[in-house]
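Trainee: Before anything else, here's the structure in question.
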Amino acid sequence: MAEDKSAVQPLPAPPLVPLKLKSRLAPTPRQAPRYAVTVRRSDGTDVVLADPRATRALVALMNVHAVNGGAACHWGGPAAFAEINAALHGLMFAVRDREWYEAFNYVNDAGHTENGLYALRANYGFDGLTFEALKGFRSLASKLTGHGESHLNPEGVLLSNGPLGSALPQAQGLALADKLAGNDRVTVAVVSDGAAMEGEAKEAFAAIPGLAAKGRLNPFVLVLSDNDTKLSGRISQDAFSMAPTFAAFAMLGWRVIDVPNGHNLPAVYEALEGAMAQAKADPRQPVCVRCKTVKGYGVKATVESASGGHGFPLGSGEKIVEFVSEIYDGAPPAEFRDWARALRGEWEAKEAAKQARPAAAGPAAPPVKKDKVQSGLARGAIRAARAGYPVFSVSSDVQGSTGISPFQKSFPDRWVEVGVAEANMVSTGAGLSKLGFIPVVDTFAQFGVTKGNLPLTMAALSPGTGHRHLLTRRVAGRGRRRVAPGHDVSGGGQRDPAHRGGGAFLCRGSGGAHVRSHPAAGRCPREG
């Protein structure tokens, strides 16, 4: 590589005008939310917003339908973001001289909260969404997927999400494009503190204020939900504190507005309203609104959960009546109460059928013991460690799903979590490998083959000696050991393309399966 010192004369060209692309986003709803609250602003005026409790109740109810249909779903994230999104949509939908999407780019990077957006927008009747439509959440016939998929739901999703941190730099591109095109539009990006651990998010944290200071971006507002909680537990306990990262925002060039209680709807609304005004007044300085939130807010059990009830804590309709009631402090709207009772009734009928079946058909055969494919990961690593191999586990938040947790519990001094940062995890493993350790890194298929791809490539160019390698597993093709596509590469109920990949990123070390090794390392001994 060398510096390009060649002289090139600027060439004449027609004006830079983007192609005319018609937005497919649904228009601004013309009616108030079905379940609303009135917020008094500091200037004494009132504004009507969607009730965050209705969002939480609808998420819980639609999640039961998804669970009954065999799909996984999320609760903690949408519960934490309910006030933030209620305030944002109130501001965006208040535009009357044009459609909301002509005034705002709304980017939800926090894919785990997308069902909260479905619930909120159904409350408005946005895009014709009804409460009945929410019952199809995560079914094959519905466009309401577990994460936002723009190609499946262009009326409601501007940018697809799922891998945390991936939508934020795309939002940067939207603000750049609006500046080039001369559009009068504000980009609003909603992110979680987990996403703030990702490399591409950190790049955008620096690039957005840097480019804005040069006058290259349209007004930009970043909304950050900070609750110190991720899928596997508390961020500061499992990995490291993000406080220094957030403290650096002002130094990077962001105007920072702190909201100490992200569930105080009037405070959140005023902070966001002020942020948008400041961003418009001075596009050269983007605004970050950091809201301290509680993951799983609204239900005591999920608030106290180490993961904030990241996944939906109810596996059926058994306890949905109490769940919805608690969200409303014991007095839910009759519509939600009756919906929850109907789901409870369905569960009771199924349980009664189970009880009646053995009496009519005779003694039931003993259940077949089943084991998840992920269990081989920990078993193989444990056997290798006990045999004397220097196995060390490096995780990026999903160790409970990938199956490495038993190894980490068996050898508490032989693992580290680097946070929600897959590329960092793989690179850390490569460094361990170079100095004689056998690192095991684990993540979902899509994250392994995308965010981990460059680190794996570089590791291949820095081979160690002996058994110094990264343990990975490929997805087998037809006729071989097959892994169903999904969130956890073992068919864990996730059906979204954002979580499917061309290969799994998981170690298998038992049951006669050979552990595939990274090209940097040679081969790993078989675990028979």
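Here's how to read the names in the structure tokens: chain A, B, ... by the order shown, residue numbers from 1 in each chain, ligand numbers from 1 in the order shown.
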Set the distance at 12 Å and use only C-alpha atoms: which residues neighbour region 268-273 of chain A once local chain neighbours fewer than 5 positions away are removed? I'd like the list as an mmCIF file with N, CA, C and O atoms, in the first residue's frame.
Mentor:
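As written to disk, result-v7.cif reads:
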data_model
loop_
_atom_site.group_PDB
_atom_site.id
_atom_site.type_symbol
_atom_site.label_atom_id
_atom_site.label_comp_id
_atom_site.auth_asym_id
_atom_site.auth_seq_id
_atom_site.Cartn_x
_atom_site.Cartn_y
_atom_site.Cartn_z
ATOM 1 N N THR A 38 -52.464 10.760 29.345
ATOM 2 C CA THR A 38 -52.189 12.166 29.099
ATOM 3 C C THR A 38 -51.000 12.595 29.948
ATOM 4 O O THR A 38 -50.978 12.370 31.160
ATOM 5 N N VAL A 39 -50.031 13.212 29.307
ATOM 6 C CA VAL A 39 -48.804 13.646 29.972
ATOM 7 C C VAL A 39 -48.796 15.167 30.033
ATOM 8 O O VAL A 39 -49.023 15.835 29.019
ATOM 9 N N ARG A 40 -48.546 15.673 31.227
ATOM 10 C CA ARG A 40 -48.442 17.123 31.403
ATOM 11 C C ARG A 40 -46.980 17.548 31.238
ATOM 12 O O ARG A 40 -46.096 17.080 31.942
ATOM 13 N N ARG A 41 -46.740 18.446 30.289
ATOM 14 C CA ARG A 41 -45.390 18.934 30.056
ATOM 15 C C ARG A 41 -45.074 20.079 31.020
ATOM 16 O O ARG A 41 -45.962 20.630 31.684
ATOM 17 N N SER A 42 -43.790 20.437 31.080
ATOM 18 C CA SER A 42 -43.359 21.457 32.035
ATOM 19 C C SER A 42 -43.959 22.824 31.727
ATOM 20 O O SER A 42 -44.072 23.679 32.617
ATOM 21 N N ASP A 43 -44.356 23.052 30.459
ATOM 22 C CA ASP A 43 -44.957 24.346 30.121
ATOM 23 C C ASP A 43 -46.451 24.382 30.406
ATOM 24 O O ASP A 43 -47.135 25.360 30.081
ATOM 25 N N GLY A 44 -46.973 23.290 31.000
ATOM 26 C CA GLY A 44 -48.376 23.251 31.381
ATOM 27 C C GLY A 44 -49.310 22.668 30.348
ATOM 28 O O GLY A 44 -50.495 22.456 30.627
ATOM 29 N N THR A 45 -48.819 22.389 29.159
ATOM 30 C CA THR A 45 -49.659 21.797 28.127
ATOM 31 C C THR A 45 -49.678 20.275 28.252
ATOM 32 O O THR A 45 -48.797 19.672 28.857
ATOM 33 N N ASP A 46 -50.709 19.675 27.675
ATOM 34 C CA ASP A 46 -50.877 18.222 27.748
ATOM 35 C C ASP A 46 -50.617 17.584 26.386
ATOM 36 O O ASP A 46 -50.839 18.195 25.338
ATOM 37 N N VAL A 47 -50.163 16.333 26.431
ATOM 38 C CA VAL A 47 -49.979 15.556 25.211
ATOM 39 C C VAL A 47 -50.484 14.146 25.475
ATOM 40 O O VAL A 47 -50.306 13.602 26.572
ATOM 41 N N VAL A 48 -51.155 13.566 24.491
ATOM 42 C CA VAL A 48 -51.717 12.220 24.630
ATOM 43 C C VAL A 48 -50.758 11.218 23.998
ATOM 44 O O VAL A 48 -50.371 11.369 22.830
ATOM 45 N N LEU A 49 -50.392 10.195 24.782
ATOM 46 C CA LEU A 49 -49.459 9.169 24.322
ATOM 47 C C LEU A 49 -50.060 7.788 24.543
ATOM 48 O O LEU A 49 -50.983 7.615 25.348
ATOM 49 N N ALA A 50 -49.514 6.818 23.836
ATOM 50 C CA ALA A 50 -49.927 5.431 24.057
ATOM 51 C C ALA A 50 -49.506 4.992 25.454
ATOM 52 O O ALA A 50 -48.403 5.315 25.921
ATOM 53 N N PHE A 81 -38.258 -0.737 27.113
ATOM 54 C CA PHE A 81 -38.358 0.333 26.123
ATOM 55 C C PHE A 81 -39.759 0.935 26.008
ATOM 56 O O PHE A 81 -39.977 1.817 25.174
ATOM 57 N N ALA A 82 -40.718 0.483 26.801
ATOM 58 C CA ALA A 82 -42.114 0.868 26.581
ATOM 59 C C ALA A 82 -42.329 2.377 26.650
ATOM 60 O O ALA A 82 -43.016 2.962 25.805
ATOM 61 N N GLU A 83 -41.761 3.037 27.650
ATOM 62 C CA GLU A 83 -41.944 4.491 27.761
ATOM 63 C C GLU A 83 -41.182 5.224 26.668
ATOM 64 O O GLU A 83 -41.673 6.220 26.116
ATOM 65 N N ILE A 84 -39.970 4.770 26.350
ATOM 66 C CA ILE A 84 -39.160 5.410 25.303
ATOM 67 C C ILE A 84 -39.919 5.406 23.979
ATOM 68 O O ILE A 84 -40.049 6.442 23.306
ATOM 69 N N ASN A 85 -40.434 4.245 23.593
ATOM 70 C CA ASN A 85 -41.109 4.160 22.300
ATOM 71 C C ASN A 85 -42.474 4.835 22.310
ATOM 72 O O ASN A 85 -42.919 5.347 21.282
ATOM 73 N N ALA A 86 -43.144 4.856 23.469
ATOM 74 C CA ALA A 86 -44.405 5.596 23.556
ATOM 75 C C ALA A 86 -44.162 7.078 23.299
ATOM 76 O O ALA A 86 -44.903 7.739 22.546
ATOM 77 N N ALA A 87 -43.104 7.624 23.909
ATOM 78 C CA ALA A 87 -42.792 9.039 23.725
ATOM 79 C C ALA A 87 -42.342 9.325 22.296
ATOM 80 O O ALA A 87 -42.773 10.310 21.673
ATOM 81 N N LEU A 88 -41.471 8.480 21.758
ATOM 82 C CA LEU A 88 -40.975 8.692 20.399
ATOM 83 C C LEU A 88 -42.104 8.666 19.376
ATOM 84 O O LEU A 88 -42.180 9.519 18.481
ATOM 85 N N HIS A 89 -42.984 7.686 19.494
ATOM 86 C CA HIS A 89 -44.072 7.590 18.518
ATOM 87 C C HIS A 89 -45.066 8.738 18.682
ATOM 88 O O HIS A 89 -45.653 9.201 17.691
ATOM 89 N N GLY A 90 -45.249 9.208 19.913
ATOM 90 C CA GLY A 90 -46.095 10.385 20.102
ATOM 91 C C GLY A 90 -45.528 11.590 19.379
ATOM 92 O O GLY A 90 -46.270 12.366 18.746
ATOM 93 N N LEU A 91 -44.208 11.766 19.445
ATOM 94 C CA LEU A 91 -43.562 12.876 18.754
ATOM 95 C C LEU A 91 -43.596 12.694 17.241
ATOM 96 O O LEU A 91 -43.885 13.641 16.488
ATOM 97 N N MET A 92 -43.298 11.489 16.768
ATOM 98 C CA MET A 92 -43.259 11.258 15.325
ATOM 99 C C MET A 92 -44.647 11.340 14.708
ATOM 100 O O MET A 92 -44.826 11.914 13.624
ATOM 101 N N ALA A 94 -47.070 13.049 15.687
ATOM 102 C CA ALA A 94 -47.668 14.377 15.836
ATOM 103 C C ALA A 94 -47.489 15.223 14.576
ATOM 104 O O ALA A 94 -48.115 16.282 14.446
ATOM 105 N N VAL A 188 -33.593 9.079 14.025
ATOM 106 C CA VAL A 188 -33.674 8.659 15.424
ATOM 107 C C VAL A 188 -33.320 7.179 15.488
ATOM 108 O O VAL A 188 -33.975 6.350 14.847
ATOM 109 N N ALA A 189 -32.282 6.859 16.236
ATOM 110 C CA ALA A 189 -31.857 5.465 16.382
ATOM 111 C C ALA A 189 -31.989 5.054 17.842
ATOM 112 O O ALA A 189 -31.504 5.742 18.742
ATOM 113 N N VAL A 190 -32.647 3.922 18.067
ATOM 114 C CA VAL A 190 -32.872 3.390 19.409
ATOM 115 C C VAL A 190 -31.967 2.180 19.602
ATOM 116 O O VAL A 190 -32.022 1.225 18.817
ATOM 117 N N PHE A 220 -29.339 14.156 14.090
ATOM 118 C CA PHE A 220 -29.279 12.759 14.541
ATOM 119 C C PHE A 220 -29.526 12.703 16.044
ATOM 120 O O PHE A 220 -28.896 13.416 16.819
ATOM 121 N N VAL A 221 -30.456 11.829 16.447
ATOM 122 C CA VAL A 221 -30.758 11.606 17.859
ATOM 123 C C VAL A 221 -30.593 10.122 18.158
ATOM 124 O O VAL A 221 -31.213 9.276 17.509
ATOM 125 N N LEU A 222 -29.748 9.831 19.111
ATOM 126 C CA LEU A 222 -29.522 8.458 19.575
ATOM 127 C C LEU A 222 -30.209 8.293 20.921
ATOM 128 O O LEU A 222 -30.011 9.100 21.833
ATOM 129 N N VAL A 223 -31.030 7.254 21.053
ATOM 130 C CA VAL A 223 -31.712 6.976 22.324
ATOM 131 C C VAL A 223 -31.172 5.665 22.863
ATOM 132 O O VAL A 223 -31.303 4.617 22.219
ATOM 133 N N LEU A 224 -30.580 5.724 24.036
ATOM 134 C CA LEU A 224 -29.904 4.574 24.630
ATOM 135 C C LEU A 224 -30.641 4.115 25.881
ATOM 136 O O LEU A 224 -30.857 4.894 26.807
ATOM 137 N N SER A 225 -31.017 2.849 25.904
ATOM 138 C CA SER A 225 -31.617 2.238 27.095
ATOM 139 C C SER A 225 -30.508 1.572 27.894
ATOM 140 O O SER A 225 -29.904 0.598 27.453
ATOM 141 N N VAL A 256 -25.166 15.163 25.397
ATOM 142 C CA VAL A 256 -25.750 14.075 26.178
ATOM 143 C C VAL A 256 -26.842 14.608 27.098
ATOM 144 O O VAL A 256 -26.635 15.586 27.832
ATOM 145 N N ILE A 257 -27.991 13.959 27.044
ATOM 146 C CA ILE A 257 -29.093 14.248 27.959
ATOM 147 C C ILE A 257 -29.359 12.986 28.765
ATOM 148 O O ILE A 257 -29.675 11.932 28.196
ATOM 149 N N ASP A 258 -29.212 13.061 30.078
ATOM 150 C CA ASP A 258 -29.441 11.910 30.946
ATOM 151 C C ASP A 258 -30.850 11.949 31.522
ATOM 152 O O ASP A 258 -31.301 12.997 32.015
ATOM 153 N N VAL A 259 -31.532 10.811 31.467
ATOM 154 C CA VAL A 259 -32.849 10.660 32.081
ATOM 155 C C VAL A 259 -32.703 9.610 33.178
ATOM 156 O O VAL A 259 -32.609 8.416 32.877
ATOM 157 N N PRO A 260 -32.645 10.018 34.433
ATOM 158 C CA PRO A 260 -32.386 9.067 35.529
ATOM 159 C C PRO A 260 -33.421 7.961 35.652
ATOM 160 O O PRO A 260 -33.097 6.856 36.075
ATOM 161 N N ASN A 261 -34.663 8.240 35.277
ATOM 162 C CA ASN A 261 -35.732 7.234 35.349
ATOM 163 C C ASN A 261 -36.391 7.118 33.987
ATOM 164 O O ASN A 261 -37.231 7.932 33.617
ATOM 165 N N GLY A 262 -35.984 6.102 33.241
ATOM 166 C CA GLY A 262 -36.523 5.905 31.901
ATOM 167 C C GLY A 262 -37.943 5.392 31.870
ATOM 168 O O GLY A 262 -38.483 5.129 30.782
ATOM 169 N N HIS A 263 -38.574 5.236 33.035
ATOM 170 C CA HIS A 263 -39.971 4.816 33.096
ATOM 171 C C HIS A 263 -40.874 5.944 33.585
ATOM 172 O O HIS A 263 -42.066 5.727 33.825
ATOM 173 N N GLN A 278 -32.891 20.342 19.743
ATOM 174 C CA GLN A 278 -31.471 20.685 19.752
ATOM 175 C C GLN A 278 -30.768 20.152 18.505
ATOM 176 O O GLN A 278 -29.911 20.834 17.928
ATOM 177 N N ALA A 279 -31.104 18.928 18.105
ATOM 178 C CA ALA A 279 -30.476 18.345 16.921
ATOM 179 C C ALA A 279 -30.828 19.137 15.667
ATOM 180 O O ALA A 279 -29.979 19.347 14.791
ATOM 181 N N LYS A 280 -32.069 19.601 15.580
ATOM 182 C CA LYS A 280 -32.476 20.409 14.424
ATOM 183 C C LYS A 280 -31.789 21.774 14.437
ATOM 184 O O LYS A 280 -31.381 22.287 13.392
ATOM 185 N N VAL A 287 -27.313 14.334 19.246
ATOM 186 C CA VAL A 287 -27.760 14.283 20.642
ATOM 187 C C VAL A 287 -27.970 12.839 21.065
ATOM 188 O O VAL A 287 -28.584 12.052 20.333
ATOM 189 N N CYS A 288 -27.462 12.496 22.223
ATOM 190 C CA CYS A 288 -27.689 11.171 22.818
ATOM 191 C C CYS A 288 -28.537 11.327 24.061
ATOM 192 O O CYS A 288 -28.173 12.064 24.992
ATOM 193 N N VAL A 289 -29.672 10.653 24.095
ATOM 194 C CA VAL A 289 -30.535 10.626 25.273
ATOM 195 C C VAL A 289 -30.342 9.271 25.942
ATOM 196 O O VAL A 289 -30.732 8.240 25.392
ATOM 197 N N ARG A 290 -29.707 9.278 27.114
ATOM 198 C CA ARG A 290 -29.455 8.026 27.830
ATOM 199 C C ARG A 290 -30.489 7.877 28.928
ATOM 200 O O ARG A 290 -30.528 8.650 29.879
ATOM 201 N N CYS A 291 -31.329 6.858 28.806
ATOM 202 C CA CYS A 291 -32.390 6.593 29.782
ATOM 203 C C CYS A 291 -31.992 5.404 30.653
ATOM 204 O O CYS A 291 -31.710 4.322 30.134
ATOM 205 N N LYS A 292 -31.987 5.609 31.937
ATOM 206 C CA LYS A 292 -31.774 4.497 32.856
ATOM 207 C C LYS A 292 -33.090 3.725 32.965
ATOM 208 O O LYS A 292 -34.105 4.260 33.408
ATOM 209 N N THR A 293 -33.070 2.485 32.520
ATOM 210 C CA THR A 293 -34.279 1.674 32.493
ATOM 211 C C THR A 293 -34.096 0.409 33.322
ATOM 212 O O THR A 293 -33.005 0.125 33.820
#
Trainee: Counting only C-alpha atoms, what is within 10 Å of Ala423 (chain A), bar same-chain residues fewer than 3 positions away, as a ChimeraX atom specification?
Mentor: /A:198-200,396,418,420,426-429,447-448,450-456
Trainee: Please provide the set of residues having any atom within 12 Å of region 322-327 of chain A, restricted to only C-alpha atoms, with same-chain residues fewer than 2 positions apart removed, written as a ChimeraX atom specification.
Mentor: /A:51-64,75,79,296-303,312-314,316-320,329-341,343-344
Trainee: Considering only C-alpha atoms, give me a table of residues in region 411-446 of chain A that are at most 12 Å from region 238-251 of chain A, with the closest atom pair and distance in Å for each, as CSV.
Mentor:
residue,atom,partner,partner_atom,distance
A:Trp415,CA,A:Asp238,CA,10.9
A:Val416,CA,A:Ala239,CA,7.6
A:Glu417,CA,A:Ala239,CA,5.3
A:Val418,CA,A:Ala239,CA,5.5
A:Gly419,CA,A:Ala239,CA,5.3
A:Val420,CA,A:Ala239,CA,8.9
A:Ala421,CA,A:Ala239,CA,10.6
A:Met425,CA,A:Ala239,CA,11.7
Trainee: For the residues in the current selection, export N, CA and C atoms as an mmCIF file, in the first residue's frame.
Mentor:
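Wrote it out as part_21.cif, contents follow:
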data_model
loop_
_atom_site.group_PDB
_atom_site.id
_atom_site.type_symbol
_atom_site.label_atom_id
_atom_site.label_comp_id
_atom_site.auth_asym_id
_atom_site.auth_seq_id
_atom_site.Cartn_x
_atom_site.Cartn_y
_atom_site.Cartn_z
ATOM 1 N N TRP A 415 -12.679 -19.338 32.216
ATOM 2 C CA TRP A 415 -13.526 -18.711 31.213
ATOM 3 C C TRP A 415 -13.600 -17.208 31.454
ATOM 4 N N VAL A 416 -13.970 -16.494 30.421
ATOM 5 C CA VAL A 416 -14.179 -15.061 30.507
ATOM 6 C C VAL A 416 -15.295 -14.695 29.544
ATOM 7 N N GLU A 417 -16.074 -13.666 29.910
ATOM 8 C CA GLU A 417 -17.074 -13.148 28.987
ATOM 9 C C GLU A 417 -16.673 -11.750 28.582
ATOM 10 N N VAL A 418 -16.655 -11.485 27.291
ATOM 11 C CA VAL A 418 -16.228 -10.186 26.779
ATOM 12 C C VAL A 418 -17.414 -9.279 26.478
ATOM 13 N N GLY A 419 -18.620 -9.700 26.860
ATOM 14 C CA GLY A 419 -19.796 -8.901 26.581
ATOM 15 C C GLY A 419 -20.383 -9.224 25.221
ATOM 16 N N VAL A 420 -21.334 -8.400 24.794
ATOM 17 C CA VAL A 420 -22.008 -8.617 23.517
ATOM 18 C C VAL A 420 -21.070 -8.133 22.408
ATOM 19 N N ALA A 421 -20.096 -8.964 22.063
ATOM 20 C CA ALA A 421 -19.050 -8.550 21.129
ATOM 21 C C ALA A 421 -18.425 -9.791 20.502
ATOM 22 N N MET A 425 -14.719 -11.572 20.816
ATOM 23 C CA MET A 425 -14.624 -12.911 21.389
ATOM 24 C C MET A 425 -13.713 -13.802 20.545
#
Trainee: Quick one: residues within 8 Å of Phe392 (chain A), only C-alpha atoms counted, chain neighbours fewer than 4 positions away excluded, as a count of residues only?
Mentor: 6
Trainee: What does the structure give for the distance between CA of Gln170 (chain A) and CA of His310 (chain A), in Å to one decimal?
Mentor: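 The value is 25.2 Å.
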Trainee: Would you please give, as a PyMOL selection string, all residues of region 320-441 of chain A that DSSP assigns to alpha helix (DSSP H) based on the backbone?
Mentor: chain A and resi 320-327+334-361+375-386+399-402+405-410+422-434
